[in-house]
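J.: One structure is given below, represented as structure tokens, and several questions about it will come after.
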Amino acid sequence: MLTKVQSERFFIGSIMLAFAALIMATVGIKPQLFQNLQFLILLVSLLLVIWIGFKAGKFEIITNRLRIRAMGWLIAATFSAALWSFAQKSTQLLFPALKEFRKIWNTFEPFALFATVVCILFALLLFIVGSRDSKLERPGFIERSLVNNLSSKIAALPMVLTAVGVFVIATLWTVYHSFTNSRMLPKSEFIGFAQYERLWSSDRWYMSIENLAIYGICSLIFSLFIGFMLAALLDQKTRFENTFRTIFLYPFALSFIVTGLVWQWILNPDYGVEKIVRSLGFESFVFNPLYDIDIVIYGILVAGLWQGTGFIMCLMLAGLRGIDQEIWKAARVDGIPMWKTYIQIVIPMMRPVFITTLVIIAAGIIKVYDLVVAQTSGGPGISSEVPAKYVYDYMFSAQNLGQGFAASTMMLVSVLIVLIPFAYLEYGRRKHA
Amino acid sequence: MPNLSLTQNHEDPRGPKPRKILSRRNIILYGTLIFVAIYYLIPLYVMIVTSLKGMPEIRLGNIFSPPIEVTFEPWVKAWAQACTGLNCDGLSRGFWNSVKITIPSVFVSIAIASINGYALANWRFKGANLFFTILIFGAFIPYQIMIYPLVILLRDLGLYTKLPGLIIIHTIFGMPILTLLFRNYFTTIPEELFKAARVDGAGFWGIYFRVMMPMSLPIFAVAIVLQVTGIWNDFLFGVIYTKPANYPMTVQLNNIVNSVQGVKEYNVNMAATLLTGLVPLAIYFISGKLFVRGIAAGAVKG
């Protein structure tokens with residue numbers, strides 16, 4: 001006679017095997033000897049569960065306290081069975097409308113059959129656990145994870161799938177494939193650091209990095225400075241504060257494409273700023289950043305700052321409002337001038353706001369892509385390329401996936417360099433608080 | 001106001017010390033603010049002015065001068081005739097594509113994220129925090145590293161270059177910020193309400209639809225503003241996950257303005273740019289504080 005714990009362990013083991021088989025089937029690994037090993041394993045686990053049920057002695061489905069939950073799993077099984085059947089030729093003959101979506105059905109087909117069996121296994125197990133009710137002291141591990149708070153777990157499924165399926169697996173996938181020789185299509189043959197060597201010996205990548213560094217440093221300094229100044233000016237019990245704030249923030253509602261195109265027009269040497277200053281009498285005035293390879297990145301910076309500083313100002317303003325007003329009174333009583341109060345008291349107090357803002361700006365800088373595409377398309381020549389554009393071009397235009405993967409991995413690394421210390425600080429602060 | 005303070009002189013002085021309107025401090029303060037405000041408004045002004053001029057006037061005048069002869073022809077042309085490659089049906093197609101992308105994406109992403117946030121705030125389960133941390137971390141990872149696996153996934157599903165595929169993408173990448181938004185909001189709702197509903201026999205979905213959702217309409221409004229502007233302004237996903245017939249407005253705008261062939265019609269370009277910016281601008285000016293709340297919510301915890 002098996003104890004409850006033992007039977008649960010057996011069951012978990014067989015479910016694990018079933019999942020291993022599922023992954024094997026999805027990835028496409030087929031063992032040489034047993035072509036249908038997965039199904040064999042599933043069959044074994046099914047028999048095992050039935051045997052556990054038999055050992056349990058009785059099946060009282062009518063009085064079973066878990067039968068509603070078990071029905072839920074059976075319904076899930078029906079759904080996935082339906083999904084599987086949609087992919088079958090005979091069903092598609094019966095309902096021709098299904099044929100239009102056959103790509104979707106075909107994708108889910110291998111998965112659906114397994115899911116059906118696994119769901120039936122879950123249901124069976126719940127019946128068994130429920131029928132052994134009198135012998136249970138407290139809900140076991142399986143019952144806890146399959147029954148308790150189940151709606152919440154199902155509701156959080158999209159989040160789990162996104163977090164693990166996209167953010168983790170997709171990232172790892174790309175990082176792995178940056179070590180391969182993928183060109184048109186991704187290959188899985190490992191070739192070491194060759195892609196990275198190529199990347200770091202490419203002029204275009206160096207240009208991208210240099211541009212990103214200039215753009216990043218300047219935009220960090222200027223947007224923090226301007227944003228803070230504007231916020232401080234608006235915090236002087238200023239009249240029309242709302243109007244000013246609305247004006248400073250409206251560019252943030254516009255897309256980078258719109259921003260880039262407007263500034264492309266304003267900086268146009270034939271019609272824009274340069275022409276106007278020349279028509280004022282300064283004939284030799286030269287200001288055409290978008291056509292000068294040395295300063296083109298500053299032309300982009302101007303547009304980027306115009307778009308983003310309003311947002312920084314808002315963050316800073318929120319930070320300033322969070323500061324105790326008594327401090328101002330105290331400073332005034334002590335006769336400290338206002339600028340000194342800002343530098344020596346207020347800014348140190350706003351440290352968390354500054355750190356958060358810094359991380360937000362930094363994460364935004366590395367993604368900069370649309371602005372460059374709209375304003376200069378990377379030109380003249382390669383003088384305004386940025387890493388994000390490098391990645392896109394190599395993945396989708398140059399058909400050189402490996403380079404794109406390597407470049408995007410470098411982007412990831414640089415973000416992690418910023419992010420990990422921040423997360424550490426943040427986590428540490430919360431722990432102490 | 002000096003006059004006002006004179007009439008109240010018989011009472012104890014209260015409120016801040018009355019100041020002259022033209023004090024040196026005020027001149028510097030408002031002078032700077034107005035100067036910066038003008039700088040911020042110039043691009044909008046230039047866009048409007050240029051889009052109302054004819055081409056000959058643009059060639060002769062400067063970009064800041066107001067139009068001598070107001071013409072709406074560039075607007076009509078940008079909407080209905082501007083060319084991208086071989087297609088010459090203007091921005092209207094992009095506009096309707098963007099509408100078709102934005103509405104379902106906003107709806108789906110908010111529905112999923114709000115339920116997620118609710119599960120995280122009120123029905124915690126083991127391991128929930130781990131997934132949530134990964135999710136928030138994912139918001140900072142450059143999209144570029146996740147783009148290609150998603151292309152493969154959508155291609156396998158047969159949704160690559162189709163609108164439903166793009167909707168899935170927007171749902172995925174909108175999830176971190178929206179989930180954070182909803183989770184933070186739902187945790188501020190008093191727990192007693194939740195407990196009372198449970199005592200009355202409401203389950204997971206019952207509490208969500210009857211208690212939580214009606215109580216959190218403001219946060220739904222914030223989320224809608226956030227998502228509509230975000231998805232409307234998106235360029236990267238639009239250009240990767242759709243084909244030319246389905247290009248959203250931003251992508252089409254870029255193709256119209258930056259196309260190399262033909263004579264550049266700056267007035268049409270600016271009209272097209274303004275048309276594309278009109279939707280988010282309208283939302284921004286109508287929603288006002290909600291917009292600020294939305295973007296600040298993203299910044300609360302990083």
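Residues are named by chain letter and number: chains run A, B, ... in the order of the structure tokens, numbers start at 1 in each chain, and ligands are numbered from 1 in the order shown.
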Counting only C-alpha atoms, what is within 10 Å of Val76 in chain B, bar same-chain residues fewer than 3 positions away, as an mmCIF file with C-alpha atoms, in the first residue's frame?
T.:
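For reference, out12.cif as written:
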data_model
loop_
_atom_site.group_PDB
_atom_site.id
_atom_site.type_symbol
_atom_site.label_atom_id
_atom_site.label_comp_id
_atom_site.auth_asym_id
_atom_site.auth_seq_id
_atom_site.Cartn_x
_atom_site.Cartn_y
_atom_site.Cartn_z
ATOM 1 C CA THR B 71 -4.213 76.964 -48.873
ATOM 2 C CA PHE B 72 -5.521 73.636 -47.618
ATOM 3 C CA GLU B 73 -4.399 71.795 -50.693
ATOM 4 C CA TRP B 79 -4.403 62.684 -46.862
ATOM 5 C CA ALA B 80 -5.413 61.320 -50.237
ATOM 6 C CA GLN B 81 -2.637 61.528 -52.830
ATOM 7 C CA ALA B 82 0.833 61.417 -51.317
ATOM 8 C CA GLY B 90 -1.928 59.122 -49.307
ATOM 9 C CA LEU B 91 -1.851 58.831 -45.561
ATOM 10 C CA VAL B 268 2.635 68.210 -48.118
ATOM 11 C CA ALA B 271 0.756 68.461 -43.465
ATOM 12 C CA ALA B 272 1.294 64.704 -43.308
#
J.: When you look at Asn87 in chain B with a cut-off of 12 Å (counting only C-alpha atoms), what residues show up, excluding the ones that are within fewer than 5 positions of it in the same chain? I need them as a VMD selection string.
T.: chain B and resid 80 to 82 92 to 94 244 to 245 252 255 to 256
J.: What does the file look like for those residues with N, CA and C atoms, as a compact mmCIF listing (two decimals), in the first residue's frame?
T.:
# COMPACT_ATOMS: atom_id res chain seq x y z
N ALA B 80 -4.85 62.19 -49.21
CA ALA B 80 -5.41 61.32 -50.24
C ALA B 80 -4.48 61.00 -51.40
N GLN B 81 -3.41 61.75 -51.61
CA GLN B 81 -2.64 61.53 -52.83
C GLN B 81 -1.15 61.28 -52.65
N ALA B 82 -0.62 61.54 -51.48
CA ALA B 82 0.83 61.42 -51.32
C ALA B 82 1.29 60.00 -51.64
N SER B 92 -4.22 58.29 -45.79
CA SER B 92 -5.48 57.79 -45.26
C SER B 92 -5.39 56.29 -44.94
N ARG B 93 -4.70 55.55 -45.82
CA ARG B 93 -4.58 54.12 -45.58
C ARG B 93 -3.84 53.86 -44.26
N GLY B 94 -2.73 54.59 -44.08
CA GLY B 94 -1.98 54.44 -42.84
C GLY B 94 -2.82 54.79 -41.63
N PRO B 244 3.86 46.29 -46.25
CA PRO B 244 3.47 47.63 -46.71
C PRO B 244 1.97 47.89 -46.73
N ALA B 245 1.16 46.89 -47.06
CA ALA B 245 -0.28 47.15 -47.10
C ALA B 245 -0.85 47.44 -45.72
N GLN B 252 4.21 54.85 -42.57
CA GLN B 252 3.87 55.40 -43.87
C GLN B 252 4.31 56.85 -44.00
N ASN B 255 7.89 56.91 -44.78
CA ASN B 255 8.14 56.53 -46.17
C ASN B 255 7.77 57.66 -47.13
N ILE B 256 6.70 58.37 -46.83
CA ILE B 256 6.30 59.47 -47.71
C ILE B 256 7.35 60.57 -47.69
J.: Using only C-alpha atoms, which of A:Tyr424, A:Trp173, A:Phe79, A:Phe222 sits nearest chain B?
T.: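 With only C-alpha atoms as the atom set, the closest residue is A:Trp173.
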J.: Would you kindly return, as a compact mmCIF listing (two decimals) with C-alpha atoms, in the first residue's frame, each protein, DNA or RNA residue with an atom no farther than 10 Å from any atom of Trp105 in chain A, considering only C-alpha atoms and excluding same-chain residues fewer than 6 positions away?
T.:
# COMPACT_ATOMS: atom_id res chain seq x y z
CA ALA A 82 -10.56 20.26 -30.07
CA LEU A 83 -7.50 22.31 -31.00
CA TRP A 84 -5.76 19.13 -32.02
CA SER A 85 -8.69 17.87 -34.00
CA PHE A 86 -8.91 21.14 -35.94
CA ALA A 87 -5.54 20.34 -37.41
CA GLN A 88 -6.74 16.98 -38.72
CA LEU A 98 -11.40 25.89 -40.27
CA LYS A 99 -9.04 25.54 -43.19
CA ALA A 112 -2.37 20.14 -28.07
CA LEU B 157 1.57 30.95 -36.08
CA GLY B 158 0.93 32.32 -39.55
J.: Taking 6 positions as the minimum chain separation for residues in the same chain, which residues sit within 12 Å of Ile240 in chain B when counting only C-alpha atoms? Answer as a PDB file with N, CA and C atoms, in the first residue's frame.
T.:
ATOM      1  N   TYR A 392      18.755  46.512 -36.579  1.00  0.00           N
ATOM      2  CA  TYR A 392      17.629  46.379 -37.506  1.00  0.00           C
ATOM      3  C   TYR A 392      18.132  46.126 -38.922  1.00  0.00           C
ATOM      4  N   ASP A 393      19.109  46.915 -39.341  1.00  0.00           N
ATOM      5  CA  ASP A 393      19.586  46.783 -40.719  1.00  0.00           C
ATOM      6  C   ASP A 393      20.179  45.404 -40.977  1.00  0.00           C
ATOM      7  N   MET A 395      19.524  42.621 -39.359  1.00  0.00           N
ATOM      8  CA  MET A 395      18.543  41.541 -39.254  1.00  0.00           C
ATOM      9  C   MET A 395      17.598  41.509 -40.446  1.00  0.00           C
ATOM     10  N   PHE A 396      17.139  42.694 -40.883  1.00  0.00           N
ATOM     11  CA  PHE A 396      16.027  42.697 -41.833  1.00  0.00           C
ATOM     12  C   PHE A 396      16.392  43.197 -43.222  1.00  0.00           C
ATOM     13  N   SER A 397      17.516  43.902 -43.352  1.00  0.00           N
ATOM     14  CA  SER A 397      17.879  44.341 -44.704  1.00  0.00           C
ATOM     15  C   SER A 397      19.086  43.603 -45.239  1.00  0.00           C
TER      16      SER A 397
ATOM     17  N   TYR B 143      14.381  46.225 -26.944  1.00  0.00           N
ATOM     18  CA  TYR B 143      13.494  45.369 -27.726  1.00  0.00           C
ATOM     19  C   TYR B 143      14.263  44.571 -28.768  1.00  0.00           C
ATOM     20  N   GLN B 144      15.362  45.161 -29.236  1.00  0.00           N
ATOM     21  CA  GLN B 144      16.074  44.544 -30.360  1.00  0.00           C
ATOM     22  C   GLN B 144      16.442  43.090 -30.092  1.00  0.00           C
ATOM     23  N   ILE B 147      13.308  40.829 -30.746  1.00  0.00           N
ATOM     24  CA  ILE B 147      12.542  40.988 -31.981  1.00  0.00           C
ATOM     25  C   ILE B 147      12.519  39.711 -32.816  1.00  0.00           C
ATOM     26  N   TYR B 148      13.698  39.133 -33.036  1.00  0.00           N
ATOM     27  CA  TYR B 148      13.742  38.061 -34.025  1.00  0.00           C
ATOM     28  C   TYR B 148      13.042  36.780 -33.578  1.00  0.00           C
ATOM     29  N   LEU B 150      10.511  36.593 -31.829  1.00  0.00           N
ATOM     30  CA  LEU B 150       9.081  36.849 -31.989  1.00  0.00           C
ATOM     31  C   LEU B 150       8.673  36.786 -33.459  1.00  0.00           C
ATOM     32  N   VAL B 151       9.585  37.190 -34.340  1.00  0.00           N
ATOM     33  CA  VAL B 151       9.294  37.036 -35.770  1.00  0.00           C
ATOM     34  C   VAL B 151       9.084  35.568 -36.086  1.00  0.00           C
ATOM     35  N   ILE B 152       9.970  34.723 -35.549  1.00  0.00           N
ATOM     36  CA  ILE B 152       9.851  33.282 -35.808  1.00  0.00           C
ATOM     37  C   ILE B 152       8.534  32.745 -35.250  1.00  0.00           C
ATOM     38  N   LEU B 154       5.720  34.363 -34.618  1.00  0.00           N
ATOM     39  CA  LEU B 154       4.557  34.803 -35.387  1.00  0.00           C
ATOM     40  C   LEU B 154       4.507  34.106 -36.740  1.00  0.00           C
ATOM     41  N   TYR B 160       2.598  36.483 -38.941  1.00  0.00           N
ATOM     42  CA  TYR B 160       3.631  37.464 -39.283  1.00  0.00           C
ATOM     43  C   TYR B 160       3.135  38.350 -40.428  1.00  0.00           C
ATOM     44  N   THR B 161       3.357  39.654 -40.296  1.00  0.00           N
ATOM     45  CA  THR B 161       2.902  40.692 -41.227  1.00  0.00           C
ATOM     46  C   THR B 161       1.395  40.898 -41.212  1.00  0.00           C
ATOM     47  N   LYS B 162       0.694  40.275 -40.282  1.00  0.00           N
ATOM     48  CA  LYS B 162      -0.754  40.501 -40.228  1.00  0.00           C
ATOM     49  C   LYS B 162      -1.105  41.318 -38.993  1.00  0.00           C
ATOM     50  N   LEU B 163      -2.267  41.909 -38.999  1.00  0.00           N
ATOM     51  CA  LEU B 163      -2.648  42.768 -37.885  1.00  0.00           C
ATOM     52  C   LEU B 163      -2.735  42.035 -36.543  1.00  0.00           C
ATOM     53  N   GLY B 165      -1.032  39.686 -35.422  1.00  0.00           N
ATOM     54  CA  GLY B 165       0.327  39.501 -34.920  1.00  0.00           C
ATOM     55  C   GLY B 165       0.828  40.744 -34.229  1.00  0.00           C
ATOM     56  N   LEU B 166       0.593  41.888 -34.869  1.00  0.00           N
ATOM     57  CA  LEU B 166       1.038  43.153 -34.281  1.00  0.00           C
ATOM     58  C   LEU B 166       0.314  43.420 -32.964  1.00  0.00           C
ATOM     59  N   ILE B 169       2.043  41.555 -30.342  1.00  0.00           N
ATOM     60  CA  ILE B 169       3.303  42.205 -29.982  1.00  0.00           C
ATOM     61  C   ILE B 169       3.055  43.389 -29.048  1.00  0.00           C
ATOM     62  N   ASP B 234       4.091  54.229 -32.171  1.00  0.00           N
ATOM     63  CA  ASP B 234       5.084  53.182 -32.388  1.00  0.00           C
ATOM     64  C   ASP B 234       5.541  53.141 -33.837  1.00  0.00           C
ATOM     65  N   ASN B 246      -0.169  46.950 -44.679  1.00  0.00           N
ATOM     66  CA  ASN B 246      -0.689  47.132 -43.320  1.00  0.00           C
ATOM     67  C   ASN B 246       0.087  48.152 -42.508  1.00  0.00           C
ATOM     68  N   TYR B 247       1.000  48.893 -43.141  1.00  0.00           N
ATOM     69  CA  TYR B 247       1.843  49.809 -42.379  1.00  0.00           C
ATOM     70  C   TYR B 247       1.005  50.792 -41.580  1.00  0.00           C
ATOM     71  N   PRO B 248       1.352  50.987 -40.291  1.00  0.00           N
ATOM     72  CA  PRO B 248       0.673  52.034 -39.523  1.00  0.00           C
ATOM     73  C   PRO B 248       1.106  53.420 -40.000  1.00  0.00           C
ATOM     74  N   VAL B 251       4.881  54.709 -39.905  1.00  0.00           N
ATOM     75  CA  VAL B 251       5.774  54.117 -40.893  1.00  0.00           C
ATOM     76  C   VAL B 251       5.497  54.718 -42.265  1.00  0.00           C
TER      77      VAL B 251
END
J.: Could you work out how far CA of Phe132 in chain B lies from CA of Phe194 in chain B, giving the answer in Å with one decimal?
T.: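 Here the two named atoms are 21.8 Å from each other.
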J.: Write down as a VMD selection string the residues belonging to range 19-154 of chain B that are assigned helix (DSSP H, G or I) by DSSP computed on the backbone.
T.: chain B and resid 24 to 51 55 to 60 73 to 80 92 to 122 128 to 140 144 to 154
J.: Generate a file of the selected residues that holds C-alpha atoms, formatted as an mmCIF file, in the first residue's frame.
T.:
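So part-v2.cif came out as:
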data_model
loop_
_atom_site.group_PDB
_atom_site.id
_atom_site.type_symbol
_atom_site.label_atom_id
_atom_site.label_comp_id
_atom_site.auth_asym_id
_atom_site.auth_seq_id
_atom_site.Cartn_x
_atom_site.Cartn_y
_atom_site.Cartn_z
ATOM 1 C CA ARG B 24 13.546 91.744 -11.065
ATOM 2 C CA ARG B 25 12.829 88.203 -9.918
ATOM 3 C CA ASN B 26 9.571 88.033 -11.814
ATOM 4 C CA ILE B 27 11.107 89.393 -14.992
ATOM 5 C CA ILE B 28 13.816 86.759 -14.914
ATOM 6 C CA LEU B 29 11.416 83.983 -13.965
ATOM 7 C CA TYR B 30 8.680 84.669 -16.477
ATOM 8 C CA GLY B 31 11.130 85.865 -19.107
ATOM 9 C CA THR B 32 12.949 82.545 -18.992
ATOM 10 C CA LEU B 33 9.747 80.543 -18.952
ATOM 11 C CA ILE B 34 8.237 82.422 -21.875
ATOM 12 C CA PHE B 35 11.457 82.166 -23.841
ATOM 13 C CA VAL B 36 11.598 78.402 -23.308
ATOM 14 C CA ALA B 37 7.898 78.077 -24.061
ATOM 15 C CA ILE B 38 8.398 79.857 -27.374
ATOM 16 C CA TYR B 39 11.265 77.523 -28.185
ATOM 17 C CA TYR B 40 9.014 74.542 -27.460
ATOM 18 C CA LEU B 41 6.187 75.941 -29.566
ATOM 19 C CA ILE B 42 8.290 76.850 -32.606
ATOM 20 C CA PRO B 43 8.229 73.383 -34.223
ATOM 21 C CA LEU B 44 4.456 73.183 -33.897
ATOM 22 C CA TYR B 45 4.125 76.660 -35.346
ATOM 23 C CA VAL B 46 6.469 75.864 -38.209
ATOM 24 C CA MET B 47 4.549 72.686 -38.958
ATOM 25 C CA ILE B 48 1.232 74.500 -39.124
ATOM 26 C CA VAL B 49 2.543 77.458 -41.103
ATOM 27 C CA THR B 50 4.407 75.364 -43.644
ATOM 28 C CA SER B 51 1.470 73.073 -44.208
ATOM 29 C CA MET B 55 5.310 75.474 -52.728
ATOM 30 C CA PRO B 56 6.324 78.755 -54.495
ATOM 31 C CA GLU B 57 5.854 80.658 -51.276
ATOM 32 C CA ILE B 58 8.005 78.169 -49.371
ATOM 33 C CA ARG B 59 10.818 78.518 -51.896
ATOM 34 C CA LEU B 60 10.796 82.296 -51.593
ATOM 35 C CA GLU B 73 -4.399 71.795 -50.693
ATOM 36 C CA PRO B 74 -1.331 70.239 -48.991
ATOM 37 C CA TRP B 75 -3.602 68.708 -46.374
ATOM 38 C CA VAL B 76 -5.872 67.176 -48.974
ATOM 39 C CA LYS B 77 -2.881 65.950 -50.899
ATOM 40 C CA ALA B 78 -1.206 64.456 -47.827
ATOM 41 C CA TRP B 79 -4.403 62.684 -46.862
ATOM 42 C CA ALA B 80 -5.413 61.320 -50.237
ATOM 43 C CA SER B 92 -5.485 57.786 -45.259
ATOM 44 C CA ARG B 93 -4.578 54.116 -45.577
ATOM 45 C CA GLY B 94 -1.985 54.439 -42.839
ATOM 46 C CA PHE B 95 -4.473 56.250 -40.680
ATOM 47 C CA TRP B 96 -7.057 53.489 -40.948
ATOM 48 C CA ASN B 97 -4.374 50.858 -40.422
ATOM 49 C CA SER B 98 -3.307 52.642 -37.268
ATOM 50 C CA VAL B 99 -6.910 52.759 -36.095
ATOM 51 C CA LYS B 100 -7.273 49.057 -36.813
ATOM 52 C CA ILE B 101 -4.087 48.341 -34.890
ATOM 53 C CA THR B 102 -4.605 50.717 -31.986
ATOM 54 C CA ILE B 103 -8.160 49.939 -30.933
ATOM 55 C CA PRO B 104 -7.879 46.158 -30.497
ATOM 56 C CA SER B 105 -4.340 46.427 -29.115
ATOM 57 C CA VAL B 106 -5.404 48.907 -26.465
ATOM 58 C CA PHE B 107 -8.401 46.797 -25.561
ATOM 59 C CA VAL B 108 -6.583 43.462 -25.402
ATOM 60 C CA SER B 109 -3.496 44.742 -23.622
ATOM 61 C CA ILE B 110 -5.477 46.577 -20.961
ATOM 62 C CA ALA B 111 -7.843 43.658 -20.384
ATOM 63 C CA ILE B 112 -4.986 41.223 -19.899
ATOM 64 C CA ALA B 113 -2.789 43.560 -17.881
ATOM 65 C CA SER B 114 -5.563 44.627 -15.533
ATOM 66 C CA ILE B 115 -6.458 41.026 -14.723
ATOM 67 C CA ASN B 116 -2.775 40.297 -14.217
ATOM 68 C CA GLY B 117 -2.393 43.244 -11.906
ATOM 69 C CA TYR B 118 -5.474 42.172 -10.002
ATOM 70 C CA ALA B 119 -4.172 38.637 -9.571
ATOM 71 C CA LEU B 120 -0.851 40.031 -8.362
ATOM 72 C CA ALA B 121 -2.369 42.530 -5.966
ATOM 73 C CA ASN B 122 -5.189 40.540 -4.399
ATOM 74 C CA ALA B 128 4.143 35.444 -8.452
ATOM 75 C CA ASN B 129 6.765 37.923 -7.348
ATOM 76 C CA LEU B 130 9.483 36.194 -9.307
ATOM 77 C CA PHE B 131 7.545 36.446 -12.556
ATOM 78 C CA PHE B 132 6.627 40.026 -11.825
ATOM 79 C CA THR B 133 10.263 40.958 -11.255
ATOM 80 C CA ILE B 134 11.232 39.345 -14.541
ATOM 81 C CA LEU B 135 8.437 41.242 -16.237
ATOM 82 C CA ILE B 136 9.583 44.606 -14.891
ATOM 83 C CA PHE B 137 13.179 43.803 -15.728
ATOM 84 C CA GLY B 138 12.004 43.016 -19.232
ATOM 85 C CA ALA B 139 10.676 46.532 -19.633
ATOM 86 C CA PHE B 140 14.238 47.832 -19.643
ATOM 87 C CA GLN B 144 16.074 44.544 -30.360
ATOM 88 C CA ILE B 145 17.137 41.425 -28.539
ATOM 89 C CA MET B 146 13.620 39.970 -28.516
ATOM 90 C CA ILE B 147 12.542 40.988 -31.981
ATOM 91 C CA TYR B 148 13.742 38.061 -34.025
ATOM 92 C CA PRO B 149 12.476 35.160 -31.898
ATOM 93 C CA LEU B 150 9.081 36.849 -31.989
ATOM 94 C CA VAL B 151 9.294 37.036 -35.770
ATOM 95 C CA ILE B 152 9.851 33.282 -35.808
ATOM 96 C CA LEU B 153 6.999 32.706 -33.370
ATOM 97 C CA LEU B 154 4.557 34.803 -35.387
#
J.: Quick one: everything within 9 Å of Ile295 in chain B, counting only C-alpha atoms, minus sequence neighbours fewer than 5 positions away in the same chain. Send it as a PDB file with C-alpha atoms, in the first residue's frame.
T.:
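File produced: result15.pdb:
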ATOM      1  CA  PHE A 311       8.912  64.512 -19.290  1.00  0.00           C
TER       2      PHE A 311
ATOM      3  CA  VAL B 222      -4.918  56.525 -17.538  1.00  0.00           C
ATOM      4  CA  LEU B 226      -0.967  55.727 -22.160  1.00  0.00           C
ATOM      5  CA  LEU B 290      -4.408  61.817 -16.956  1.00  0.00           C
TER       6      LEU B 290
END
J.: Tell me, counting only C-alpha atoms, for each residue of range 270-326 of chain A within 12 Å of range 236-239 of chain A, which pair of atoms is nearest and how far apart they are in Å to one decimal, in rows ordered by chain and increasing number, as CSV.
T.:
residue,atom,partner,partner_atom,distance
A:Leu317,CA,A:Gln236,CA,11.0
A:Leu320,CA,A:Gln236,CA,10.6
A:Arg321,CA,A:Gln236,CA,10.9
A:Gln325,CA,A:Gln236,CA,11.9
J.: What does the distance from CA of Ala388 in chain A to CA of Ser408 in chain A come to in Å, to one decimal?
T.: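 Rounded to one decimal, the two atoms are 7.5 Å apart.
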J.: At what distance in Å, to one decimal, does CA of Val258 in chain A lie from CA of Phe285 in chain B?
T.: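 Between these atoms lies a distance of 17.1 Å.
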J.: Within 9 Å of Leu290 in chain A, counting only C-alpha atoms, which residues show up once you throw out same-chain ones fewer than 6 positions away? Write them as a tab-separated table (two decimals) with N, CA and C atoms, in the first residue's frame, please.
T.:
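See part-v6.tsv below for the written result:
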chain	number	residue	atom	x	y	z
A	264	GLN	N	14.01	67.96	-38.98
A	264	GLN	CA	14.67	67.85	-40.28
A	264	GLN	C	14.32	69.07	-41.13
A	267	LEU	N	15.90	72.36	-39.56
A	267	LEU	CA	17.35	72.43	-39.75
A	267	LEU	C	17.75	72.35	-41.22
A	268	ASN	N	16.75	72.31	-42.09
A	268	ASN	CA	17.03	72.24	-43.53
A	268	ASN	C	17.86	73.46	-43.95
A	269	PRO	N	19.05	73.26	-44.54
A	269	PRO	CA	19.91	74.41	-44.84
A	269	PRO	C	19.33	75.33	-45.91
A	296	VAL	N	26.42	65.99	-37.02
A	296	VAL	CA	25.05	65.52	-37.29
A	296	VAL	C	24.38	64.98	-36.03
A	297	ILE	N	25.16	64.36	-35.17
A	297	ILE	CA	24.54	63.75	-33.98
A	297	ILE	C	23.97	64.83	-33.05
A	298	TYR	N	24.57	66.04	-33.11
A	298	TYR	CA	24.03	67.12	-32.27
A	298	TYR	C	22.70	67.62	-32.82
A	299	GLY	N	22.56	67.53	-34.15
A	299	GLY	CA	21.27	67.87	-34.74
A	299	GLY	C	20.18	66.95	-34.23
A	300	ILE	N	20.53	65.67	-34.10
A	300	ILE	CA	19.57	64.70	-33.58
A	300	ILE	C	19.32	64.97	-32.09
A	375	GLN	N	15.04	61.43	-39.06
A	375	GLN	CA	15.75	62.68	-39.29
A	375	GLN	C	16.83	62.55	-40.35
A	376	THR	N	17.63	61.49	-40.30
A	376	THR	CA	18.78	61.41	-41.21
A	376	THR	C	18.91	60.06	-41.90
A	379	GLY	N	22.42	58.97	-42.15
A	379	GLY	CA	23.37	59.69	-42.98
A	379	GLY	C	23.79	61.00	-42.37
A	380	PRO	N	24.60	61.80	-43.04
A	380	PRO	CA	25.24	61.47	-44.32
A	380	PRO	C	26.26	60.33	-44.18
J.: Which one of B:Ser259, B:Asn254, B:Ser65, B:Thr188 sits closest to Asn233 in chain B if you count only C-alpha atoms?
T.: B:Asn254
J.: Out of B:Tyr185, B:Phe220, B:Phe204, B:Phe209, which residue has the shortest atom-to-atom distance to chain A when counting only C-alpha atoms?
T.: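 Among the listed residues, the smallest separation from chain A belongs to B:Phe204.
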J.: Here is a test: counting only C-alpha atoms, which residue of A:Ile312, A:Ala155, A:Ile345, A:Ile217 is nearest to chain B?
T.: A:Ala155
J.: From the set B:Ser216, B:Gln261, B:Thr84, B:Thr179, which residue has the shortest atom-to-atom contact distance to chain A, counting only C-alpha atoms?
T.: B:Thr179
J.: Restricting the calculation to only C-alpha atoms: of B:Pro176, B:Gly230, B:Gly262, B:Pro67, which residue gets closest to Pro280 in chain B?
T.: B:Gly230
